[in-house]
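Engineer: For reference, the file coords.txt (compact mmCIF, C-alpha atoms) is included below:
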# COMPACT_ATOMS: atom_id res chain seq x y z
CA MET A 18 0.00 0.00 0.00
CA ALA A 19 1.29 3.41 -0.87
CA ASP A 20 2.05 5.91 1.81
CA ARG A 21 -0.80 8.16 2.63
CA ALA A 22 0.04 11.70 3.38
CA TYR A 23 -3.38 12.39 4.79
CA GLY A 24 -6.46 10.82 6.25
CA LEU A 25 -8.53 10.93 9.37
CA ARG A 26 -9.26 8.34 12.03
CA HIS A 27 -11.66 8.35 14.91
CA VAL A 28 -12.72 5.81 17.52
CA GLU A 29 -15.93 6.12 19.48
CA HIS A 30 -17.33 3.95 22.26
CA VAL A 31 -21.07 3.84 21.78
CA MET A 32 -23.92 1.33 21.62
CA GLY A 33 -22.02 -1.01 23.91
CA THR A 34 -19.17 -1.48 21.48
CA VAL A 35 -16.46 0.32 19.57
CA PHE A 36 -17.00 2.18 16.32
CA SER A 37 -14.05 3.24 14.24
CA PHE A 38 -13.83 5.57 11.29
CA ASP A 39 -10.94 5.33 8.87
CA ILE A 40 -11.11 8.06 6.23
CA ARG A 41 -8.50 7.89 3.52
CA ASP A 42 -9.44 11.15 1.78
CA ARG A 43 -7.89 14.51 2.51
CA PRO A 44 -9.82 15.81 5.51
CA THR A 45 -11.64 18.93 4.39
CA PRO A 46 -13.67 21.02 6.84
CA ALA A 47 -16.81 19.44 5.35
CA ILE A 48 -15.47 15.95 6.05
CA ARG A 49 -14.56 16.87 9.61
CA ARG A 50 -18.06 18.24 10.16
CA ALA A 51 -19.57 15.10 8.69
CA LEU A 52 -17.48 12.96 11.02
CA ASP A 53 -18.72 14.97 14.00
CA ASP A 54 -22.28 14.60 12.74
CA ALA A 55 -21.83 10.87 12.20
CA VAL A 56 -20.54 10.40 15.75
CA ARG A 57 -23.41 12.42 17.15
CA GLY A 58 -25.74 10.33 15.03
CA LEU A 59 -24.47 7.12 16.63
CA HIS A 60 -25.19 8.47 20.11
CA HIS A 61 -28.62 9.52 18.94
CA VAL A 62 -29.28 6.04 17.57
CA ASP A 63 -28.17 4.60 20.90
CA ALA A 64 -30.52 6.88 22.81
CA VAL A 65 -33.45 5.92 20.58
CA PHE A 66 -32.80 2.18 20.14
CA SER A 67 -30.99 1.00 23.25
CA THR A 68 -32.82 -1.85 24.93
CA TYR A 69 -30.60 -1.26 27.97
CA ARG A 70 -32.08 2.19 28.50
CA PRO A 71 -35.55 2.04 30.00
CA ASP A 72 -36.27 5.55 28.71
CA SER A 73 -35.34 4.89 25.07
CA ALA A 74 -38.07 5.14 22.44
CA ILE A 75 -37.66 1.43 21.65
CA SER A 76 -38.00 0.45 25.33
CA ARG A 77 -41.11 2.56 25.78
CA LEU A 78 -42.58 1.20 22.56
CA GLY A 79 -41.77 -2.35 23.68
CA ARG A 80 -43.56 -1.82 26.99
CA GLY A 81 -46.57 -0.41 25.18
CA GLU A 82 -46.14 3.00 26.79
CA SER A 83 -46.00 4.72 23.43
CA GLY A 84 -47.25 3.99 19.96
CA LEU A 85 -45.41 3.89 16.65
CA THR A 86 -46.90 7.19 15.58
CA THR A 87 -45.27 9.03 18.47
CA CYS A 88 -41.86 7.41 17.95
CA PRO A 89 -39.10 9.12 15.98
CA ALA A 90 -39.37 8.45 12.26
CA GLU A 91 -36.27 6.29 12.28
CA VAL A 92 -38.01 3.78 14.56
CA ARG A 93 -40.58 3.12 11.86
CA GLU A 94 -37.86 2.95 9.22
CA VAL A 95 -35.89 0.39 11.24
CA LEU A 96 -38.93 -1.72 12.08
CA ASP A 97 -40.00 -1.69 8.42
CA LEU A 98 -36.53 -2.90 7.45
CA CYS A 99 -36.73 -5.59 10.14
CA GLY A 100 -40.02 -6.72 8.64
CA ASP A 101 -38.40 -6.95 5.20
CA VAL A 102 -35.58 -9.11 6.58
CA THR A 103 -38.05 -11.31 8.48
CA ARG A 104 -39.88 -11.97 5.22
CA VAL A 105 -36.76 -12.54 3.12
CA SER A 106 -35.31 -14.85 5.77
CA ARG A 107 -38.57 -16.75 6.19
CA GLY A 108 -38.78 -15.83 9.84
CA TRP A 109 -35.18 -16.48 10.82
CA PHE A 110 -34.73 -12.82 11.68
CA SER A 111 -37.04 -11.12 14.12
CA ALA A 112 -37.38 -7.70 15.71
CA THR A 113 -38.66 -9.56 18.78
CA PRO A 114 -36.12 -12.38 19.01
CA GLY A 115 -36.78 -13.31 22.63
CA GLY A 116 -40.38 -12.18 22.65
CA VAL A 117 -39.33 -8.63 23.48
CA LEU A 118 -38.97 -5.77 21.00
CA ASP A 119 -35.26 -5.64 20.20
CA PRO A 120 -34.20 -4.64 16.66
CA SER A 121 -30.51 -4.65 17.66
CA GLY A 122 -29.78 -7.24 14.98
CA LEU A 123 -30.39 -4.59 12.36
CA VAL A 124 -29.76 -1.26 14.09
CA LYS A 125 -26.00 -1.39 14.32
CA GLY A 126 -25.47 -2.15 10.63
CA TRP A 127 -28.04 0.47 9.72
CA ALA A 128 -26.24 3.04 11.88
CA VAL A 129 -22.88 2.20 10.31
CA GLU A 130 -24.29 2.46 6.81
CA ALA A 131 -25.88 5.81 7.64
CA ALA A 132 -22.59 7.11 9.06
CA SER A 133 -20.76 5.95 5.96
CA GLN A 134 -23.31 7.69 3.78
CA LEU A 135 -22.91 10.96 5.69
CA LEU A 136 -19.17 10.83 5.14
CA TYR A 137 -19.65 10.04 1.47
CA GLU A 138 -21.95 13.01 0.95
CA SER A 139 -19.35 15.28 2.51
CA GLY A 140 -16.75 14.19 -0.02
CA ALA A 141 -15.10 11.30 1.85
CA HIS A 142 -15.29 8.63 -0.84
CA ASN A 143 -12.69 6.21 0.51
CA THR A 144 -13.74 5.18 3.99
CA CYS A 145 -14.00 2.24 6.34
CA VAL A 146 -16.58 2.47 9.11
CA ASN A 147 -16.39 -0.44 11.56
CA GLY A 148 -19.16 -0.91 14.12
CA GLY A 149 -18.16 -3.63 16.53
CA GLY A 150 -16.69 -5.82 13.83
CA ASP A 151 -19.25 -5.11 11.09
CA LEU A 152 -17.95 -2.90 8.32
CA GLN A 153 -19.07 -0.62 5.53
CA LEU A 154 -16.29 0.07 3.06
CA ARG A 155 -16.36 2.68 0.34
CA GLY A 156 -13.88 3.33 -2.39
CA GLU A 157 -10.48 1.86 -1.71
CA ALA A 158 -7.74 1.83 0.89
CA ALA A 159 -5.33 3.71 -1.33
CA PRO A 160 -5.28 4.56 -5.04
CA GLY A 161 -5.29 1.21 -6.80
CA ALA A 162 -5.36 -0.78 -3.56
CA PRO A 163 -8.57 -2.46 -2.40
CA TRP A 164 -9.53 -2.65 1.25
CA ARG A 165 -8.19 -5.74 3.02
CA ILE A 166 -10.41 -6.95 5.84
CA GLY A 167 -9.37 -9.78 8.11
CA VAL A 168 -12.15 -12.11 9.26
CA ALA A 169 -11.48 -13.13 12.85
CA HIS A 170 -11.44 -16.90 13.28
CA PRO A 171 -14.10 -17.78 15.85
CA LEU A 172 -12.22 -20.73 17.31
CA ARG A 173 -8.56 -19.77 17.05
CA ARG A 174 -7.44 -16.76 18.99
CA GLY A 175 -5.66 -14.12 17.01
CA ALA A 176 -6.04 -16.02 13.76
CA LEU A 177 -7.97 -14.97 10.71
CA ALA A 178 -10.31 -17.29 8.84
CA THR A 179 -9.64 -15.35 5.66
CA VAL A 180 -8.98 -11.89 4.30
CA VAL A 181 -11.74 -10.27 2.26
CA THR A 182 -10.56 -7.70 -0.26
CA GLY A 183 -12.54 -5.31 -2.36
CA ARG A 184 -14.02 -1.91 -3.01
CA ASP A 185 -17.48 -0.71 -1.95
CA LEU A 186 -18.22 -3.68 0.25
CA ALA A 187 -20.08 -4.49 3.42
CA VAL A 188 -18.67 -7.22 5.67
CA ALA A 189 -20.62 -8.53 8.67
CA THR A 190 -19.78 -11.40 10.99
CA SER A 191 -22.14 -13.02 13.46
CA GLY A 192 -20.72 -15.48 15.92
CA THR A 193 -20.34 -16.73 19.43
CA ALA A 194 -16.65 -15.95 19.79
CA GLU A 195 -16.64 -12.87 21.92
CA ARG A 196 -20.10 -12.43 23.30
CA GLY A 197 -21.03 -16.08 23.73
CA ALA A 198 -24.27 -17.52 22.46
CA HIS A 199 -26.20 -14.26 22.14
CA ILE A 200 -28.16 -14.74 18.93
CA LEU A 201 -31.51 -16.38 19.52
CA ASP A 202 -33.31 -18.74 17.21
CA PRO A 203 -36.51 -16.71 16.74
CA HIS A 204 -38.52 -19.90 16.32
CA THR A 205 -37.58 -21.29 19.74
CA GLY A 206 -36.23 -18.28 21.67
CA THR A 207 -33.14 -20.31 22.56
CA PRO A 208 -29.54 -19.54 21.56
CA ALA A 209 -28.54 -20.58 18.06
CA LEU A 210 -25.63 -23.02 18.20
CA GLY A 211 -25.36 -24.43 14.69
CA LEU A 212 -22.41 -22.27 13.63
CA ALA A 213 -19.36 -20.79 15.33
CA SER A 214 -19.53 -17.79 13.02
CA ILE A 215 -20.79 -16.65 9.68
CA THR A 216 -19.42 -13.77 7.63
CA VAL A 217 -21.61 -12.26 4.96
CA VAL A 218 -20.25 -9.94 2.27
CA GLY A 219 -22.61 -7.64 0.40
CA GLN A 220 -22.82 -4.08 -0.84
CA ALA A 221 -24.62 -2.28 1.97
CA LEU A 222 -24.30 -3.11 5.63
CA THR A 223 -27.90 -2.79 6.83
CA LEU A 224 -29.09 -5.91 5.04
CA THR A 225 -25.70 -7.62 5.00
CA ASP A 226 -25.54 -7.46 8.80
CA ALA A 227 -29.16 -8.50 9.31
CA PHE A 228 -28.69 -11.39 6.87
CA ALA A 229 -25.64 -12.50 8.86
CA THR A 230 -27.76 -12.52 12.01
CA ALA A 231 -30.53 -14.49 10.27
CA ALA A 232 -28.03 -16.92 8.75
CA PHE A 233 -26.41 -17.52 12.12
CA ALA A 234 -29.79 -18.39 13.59
CA MET A 235 -30.44 -20.76 10.65
CA GLY A 236 -27.19 -22.62 11.19
CA GLY A 237 -26.40 -25.19 8.53
CA GLY A 238 -29.58 -24.36 6.66
CA ALA A 239 -28.18 -20.92 5.89
CA ARG A 240 -26.03 -22.22 3.05
CA GLY A 241 -28.86 -22.86 0.65
CA TRP A 242 -30.64 -19.69 1.64
CA LEU A 243 -27.57 -17.52 1.09
CA GLU A 244 -26.93 -19.18 -2.27
CA SER A 245 -30.42 -18.08 -3.29
CA LEU A 246 -29.73 -14.40 -2.54
CA ASP A 247 -28.29 -12.20 -5.28
CA GLY A 248 -25.36 -10.07 -4.27
CA TYR A 249 -24.48 -11.80 -1.01
CA GLU A 250 -21.75 -14.33 -0.34
CA ALA A 251 -20.75 -16.01 2.88
CA LEU A 252 -18.13 -17.96 4.76
CA ALA A 253 -19.20 -20.07 7.74
CA VAL A 254 -17.16 -21.79 10.41
CA THR A 255 -18.89 -24.66 12.18
CA PRO A 256 -18.43 -25.38 15.90
CA ASP A 257 -16.13 -28.32 15.05
CA GLY A 258 -13.90 -26.04 12.99
CA ARG A 259 -15.01 -26.99 9.48
CA GLU A 260 -15.75 -24.25 6.97
CA TRP A 261 -18.08 -23.78 4.07
CA ARG A 262 -18.39 -21.00 1.53
CA THR A 263 -21.14 -19.98 -0.84
CA SER A 264 -20.16 -20.56 -4.46
CA GLY A 265 -19.35 -16.90 -5.11
CA PHE A 266 -17.29 -16.33 -1.99
CA GLY A 267 -13.94 -15.82 -3.66
CA TRP A 268 -11.70 -15.27 -0.68
CA MET B 16 -3.83 -17.43 0.22
CA ARG B 17 -6.86 -18.53 2.13
CA ARG B 18 -5.44 -18.06 5.57
CA ALA B 19 -3.42 -15.34 7.08
CA VAL B 20 -2.68 -14.81 10.71
CA LEU B 21 -2.25 -11.51 12.39
CA THR B 22 1.49 -12.04 12.60
CA THR B 23 1.77 -11.85 8.83
CA THR B 24 4.74 -9.70 8.02
CA GLY B 25 4.02 -6.46 6.33
CA THR B 26 4.58 -2.97 7.47
CA SER B 27 2.19 -0.65 5.79
CA ALA B 28 -1.34 -1.26 6.93
CA LEU B 29 -2.47 -1.17 10.51
CA VAL B 30 -5.60 -2.46 12.08
CA VAL B 31 -7.80 0.41 13.11
CA VAL B 32 -8.01 -0.84 16.65
CA LEU B 33 -4.32 -0.39 17.14
CA LEU B 34 -4.37 3.10 15.75
CA SER B 35 -6.95 3.88 18.34
CA LEU B 36 -4.43 2.88 20.95
CA LYS B 37 -1.68 5.19 19.86
CA PRO B 38 -0.43 7.25 22.77
CA HIS B 39 -2.12 10.58 23.14
CA GLN B 40 -0.30 13.83 23.39
CA ALA B 41 -2.40 15.04 26.30
CA PRO B 42 -1.73 13.02 29.43
CA GLY B 43 -3.12 13.99 32.77
CA LEU B 44 -6.68 14.33 31.57
CA LEU B 45 -7.68 10.86 32.58
CA ASP B 46 -10.56 9.76 34.63
CA ALA B 47 -12.47 6.55 34.57
CA SER B 48 -15.67 8.16 33.40
CA ARG B 49 -14.37 9.88 30.31
CA ARG B 50 -15.47 8.65 26.94
CA PRO B 51 -12.40 8.21 24.81
CA ALA B 52 -13.03 9.92 21.54
CA THR B 53 -9.70 9.89 19.91
CA THR B 54 -9.00 11.47 16.60
CA VAL B 55 -5.47 10.81 15.55
CA SER B 56 -3.43 11.63 12.54
CA PRO B 57 -2.66 8.79 10.20
CA ARG B 58 0.61 6.97 10.38
CA THR B 59 2.57 6.49 7.27
CA SER B 60 4.45 3.29 6.63
CA THR B 61 7.75 4.75 7.65
CA GLY B 62 8.45 4.92 11.33
CA ALA B 63 6.54 6.44 14.16
CA PRO B 64 4.20 9.37 13.77
CA PRO B 65 5.53 12.78 14.65
CA GLY B 66 5.46 13.41 18.34
CA ALA B 67 4.85 9.78 19.23
CA THR B 68 6.20 8.54 22.51
CA THR B 69 9.50 6.73 22.61
CA ALA B 70 8.82 5.52 26.15
CA THR B 71 10.21 2.25 27.44
CA GLY B 72 8.67 0.55 30.45
CA THR B 73 5.51 -0.98 31.82
CA PHE B 74 2.56 1.32 32.42
CA ASN B 75 -0.58 0.39 34.35
CA GLY B 76 -3.87 1.41 32.82
CA ASP B 77 -6.78 2.68 34.84
CA PRO B 78 -9.24 0.09 36.15
CA ILE B 79 -12.34 0.53 33.99
CA ASP B 80 -15.78 -0.51 35.13
CA THR B 81 -17.67 -2.45 32.51
CA ARG B 82 -21.01 -4.17 32.46
CA TYR B 83 -19.10 -7.34 33.31
CA GLY B 84 -16.91 -5.95 36.07
CA PRO B 85 -13.64 -4.04 36.30
CA VAL B 86 -10.94 -4.51 33.69
CA GLN B 87 -7.38 -3.30 34.09
CA VAL B 88 -4.35 -3.94 31.92
CA ALA B 89 -0.68 -2.99 31.93
CA ALA B 90 1.13 -2.09 28.73
CA THR B 91 4.80 -2.70 28.13
CA LEU B 92 6.53 -0.52 25.56
CA VAL B 93 10.01 -0.62 24.17
CA LYS B 94 10.96 2.67 22.54
CA GLY B 95 7.30 3.47 22.07
CA LYS B 96 6.38 0.13 20.50
CA LEU B 97 3.80 -1.94 22.30
CA THR B 98 5.44 -5.28 23.09
CA ALA B 99 3.15 -6.81 25.72
CA VAL B 100 -0.21 -6.33 27.36
CA ARG B 101 -0.88 -7.99 30.69
CA VAL B 102 -4.38 -8.29 32.08
CA LEU B 103 -4.29 -7.25 35.74
CA ARG B 104 -7.99 -7.50 36.45
CA ALA B 105 -10.80 -9.11 34.49
CA PRO B 106 -14.37 -10.07 35.34
CA ASP B 107 -14.67 -13.56 36.75
CA GLU B 108 -18.12 -13.70 38.26
CA ASN B 109 -19.83 -16.17 36.02
CA GLY B 110 -19.29 -18.46 33.08
CA ARG B 111 -19.98 -15.90 30.41
CA ASP B 112 -17.60 -13.44 31.96
CA GLN B 113 -14.97 -16.12 32.30
CA GLU B 114 -15.42 -16.85 28.65
CA ILE B 115 -14.85 -13.21 27.83
CA ALA B 116 -11.83 -13.05 30.10
CA ALA B 117 -10.35 -16.29 28.81
CA PHE B 118 -11.03 -15.71 25.16
CA ALA B 119 -11.60 -12.11 24.27
CA LEU B 120 -8.86 -10.51 26.32
CA PRO B 121 -6.04 -12.68 24.97
CA ARG B 122 -7.40 -12.15 21.50
CA LEU B 123 -7.47 -8.41 21.98
CA THR B 124 -3.90 -8.61 23.14
CA GLN B 125 -2.94 -10.62 20.09
CA GLU B 126 -4.63 -8.12 17.87
CA ALA B 127 -3.12 -5.13 19.62
CA LEU B 128 0.32 -6.62 19.21
CA GLY B 129 -0.09 -8.44 15.93
CA ALA B 130 -1.84 -5.55 14.24
CA GLN B 131 1.38 -3.67 14.22
CA SER B 132 2.55 -5.87 11.40
CA ALA B 133 -0.66 -7.19 9.92
CA ASP B 134 -1.24 -6.40 6.31
CA ILE B 135 -4.91 -5.68 6.76
CA ASP B 136 -6.94 -2.53 7.18
CA SER B 137 -9.54 -3.73 9.68
CA VAL B 138 -11.10 -6.82 11.21
CA SER B 139 -14.61 -8.24 10.97
CA GLY B 140 -15.96 -10.42 13.74
CA ALA B 141 -14.11 -8.91 16.65
CA SER B 142 -16.70 -6.85 18.43
CA TYR B 143 -14.59 -5.53 21.29
CA THR B 144 -17.44 -5.65 23.73
CA SER B 145 -14.71 -5.86 26.31
CA GLN B 146 -14.32 -2.17 25.79
CA GLY B 147 -12.86 -1.82 29.26
CA TYR B 148 -9.77 -3.51 27.88
CA MET B 149 -9.37 -0.86 25.22
CA GLU B 150 -10.05 2.00 27.59
CA SER B 151 -7.61 0.69 30.17
CA LEU B 152 -4.98 0.08 27.53
CA GLN B 153 -5.54 3.54 26.12
CA SER B 154 -5.01 5.06 29.54
CA ALA B 155 -1.81 3.04 29.96
CA LEU B 156 -0.55 4.37 26.65
CA ASP B 157 -1.57 7.87 27.63
CA ARG B 158 0.56 7.43 30.71
CA ALA B 159 3.47 6.19 28.62
CA GLY B 160 3.06 9.18 26.36
CA GLY B 161 3.36 11.50 29.31
Just give me the structure of the file as structure tokens.
Structural biologist:
Amino acid sequence: MADRAYGLRHVEHVMGTVFSFDIRDRPTPAIRRALDDAVRGLHHVDAVFSTYRPDSAISRLGRGESGLTTCPAEVREVLDLCGDVTRVSRGWFSATPGGVLDPSGLVKGWAVEAASQLLYESGAHNTCVNGGGDLQLRGEAAPGAPWRIGVAHPLRRGALATVVTGRDLAVATSGTAERGAHILDPHTGTPALGLASITVVGQALTLTDAFATAAFAMGGGARGWLESLDGYEALAVTPDGREWRTSGFGW
Amino acid sequence: MRRAVLTTTGTSALVVVLLSLKPHQAPGLLDASRRPATTVSPRTSTGAPPGATTATGTFNGDPIDTRYGPVQVAATLVKGKLTAVRVLRAPDENGRDQEIAAFALPRLTQEALGAQSADIDSVSGASYTSQGYMESLQSALDRAGG
């Protein structure tokens, strides 16, 4: 990779995880403002969607203390998107995974994609926004050099399962490695255990991330489903350490 | 090549997480409740960034309260390069926390160290929910930078 004489990086702790911004364009005042706006936006998303905050719009909606019409517009947008993913995944994704309203499986990717879009509109066309291990990439890492994204191996500490390279990509991984069995099978309400991790690569992170969550809940059945989706490829690691890839996963 | 480990040799690209751990230039502003919001200049592939610490020694980070309990690490630097991270305190109350302590913290250490030579731009699948580790390590590096 060529030397870069400029760029801008920022790390923010929000939504219970770490978000990082890696901007490879020359930082203009507009880009710096957009970065500030994007960071503020993440905190706003957290305030609206956090299921850990009893006063968040999503918590109040979940308890029936408010209706959809009084919620911020983005709540309806997110829940509509959740409904789309539920349909496409034949019920393997749910905005109420444990019987309680919790669209977290979609919100983080949606927030990352929105932040990436804000940066893009400000003139930052070569960026990597990473929200807790789920990434939206735009442009390239350096002129002529694609982004190179390591996929953490779920069973071998410090090792990578593969390196995904490309331009204008979304990369999302769902797994048990760091947070334990935290993704619920929406059909049973119990933790999904069929896979150690699944990494889905697409164009835009909102759906890519939600599809990774749905695929993780599906377990082995995800392979055929992912093959049926246009524009999405995946690598899965099973709990016994075997791997499978969809036919177009070229890494 | 299908597989690459974080110790892959290569000098140019750095994992974002490590860049977030670069020593600050403003020590003495630490407290456990601050929200690290670090904007740093990019490093080029040649040598340390301007003004970076050249400290050698072991520096204790602040104990950071997390949802899972307090986390504290110590960072060892040789001429400003992070060579070791030792976990001084980690949650150990229940099985899930033990899993995080036993798995995530060593992996974070591997990534913090290995990233210095990894030929990748970022990592998918490492969610860093053990953010106390990062905050404590950041404070240790802040101390080293002072």
Engineer: Pick from B:Thr98, B:Ser137, B:Thr69, B:Gln87: nearest to Ala159 (chain B), with only C-alpha atoms counted?
Structural biologist: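 Under the stated criterion, the closest residue is B:Thr69.
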Engineer: Work out how far apart CA of Arg49 (chain A) and CA of His142 (chain A) are and give it in Å to one decimal.
Structural biologist: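 Interatomic distance, CA of Arg49 (chain A) to CA of His142 (chain A): 13.3 Å.
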Engineer: Could you work out how far CA of Ala64 (chain A) lies from CA of Leu224 (chain A), giving the answer in Å with one decimal?
Structural biologist: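 Calculated distance between CA of Leu224 (chain A) and CA of Ala64 (chain A) is 21.9 Å.
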Engineer: When you draw a straight line from CA of Ala229 (chain A) to CA of Ala251 (chain A), how long is it in Å?
Structural biologist: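 Computing the Euclidean distance for CA of Ala229 (chain A) and CA of Ala251 (chain A) yields 8.5 Å.
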Engineer: Between A:Gly248, A:Gly81, A:Gly148, A:Gly115, which one has atoms that come closest to chain B, using all atoms listed in the file?
Structural biologist: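 Looking only at the distances to chain B, the closest residue turns out to be A:Gly148.
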Engineer: A:Gly161, A:Gly267, A:Trp109, A:Ile200: which is nearest Val180 (chain A), counting only C-alpha atoms?
Structural biologist: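 Looking at the shortest contact to Val180 (chain A), the residue is A:Gly267.
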Engineer: As a list in words, please: the residues near Leu135 (chain A) (cut-off 12 Å, all atoms listed in the file, same-chain neighbours under 4 positions excluded).
Structural biologist: Phe38, Ala47, Ile48, Arg49, Arg50, Ala51, Leu52, Asp53, Asp54, Ala55, Val56, Arg57, Gly58, Leu59, Ala128, Val129, Glu130, Ala131, Ser139, Gly140, Ala141, His142, Thr144, Val146 and Arg155 of chain A
Engineer: Just checking: using all atoms listed in the file, which residue out of A:Leu85, A:Ala189, A:Ala132, A:Ala227 ends up closest to chain B?
Structural biologist: A:Ala189
Engineer: Leaving out Gly126 (chain A) and any residue of its chain fewer than 4 positions from it, which residues lie within 6 Å of it when counting all atoms listed in the file, given as a list in words?
Structural biologist: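 Final neighbour list, sorted by chain and number: Leu222, Thr223 and Asp226 of chain A.
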Engineer: Applying 9 Å and only C-alpha atoms, which residues near Val92 (chain A) remain after dropping the ones on its own chain fewer than 4 positions away? List them as JSON, numbers by chain.
Structural biologist: {"A": [65, 66, 74, 75, 85, 88, 96, 97]}
Engineer: With only C-alpha atoms as the atoms that count, which of A:Arg70, A:His61, A:Arg173, A:Arg93 lies nearest to chain B?
Structural biologist: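 The answer is A:Arg173, which sits nearest to chain B.
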Engineer: Pick the closest to chain B from A:Arg165, A:Arg41, A:Arg259, A:Arg240: which is it, counting only C-alpha atoms?
Structural biologist: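 Of all the options, A:Arg165 lies closest to chain B.
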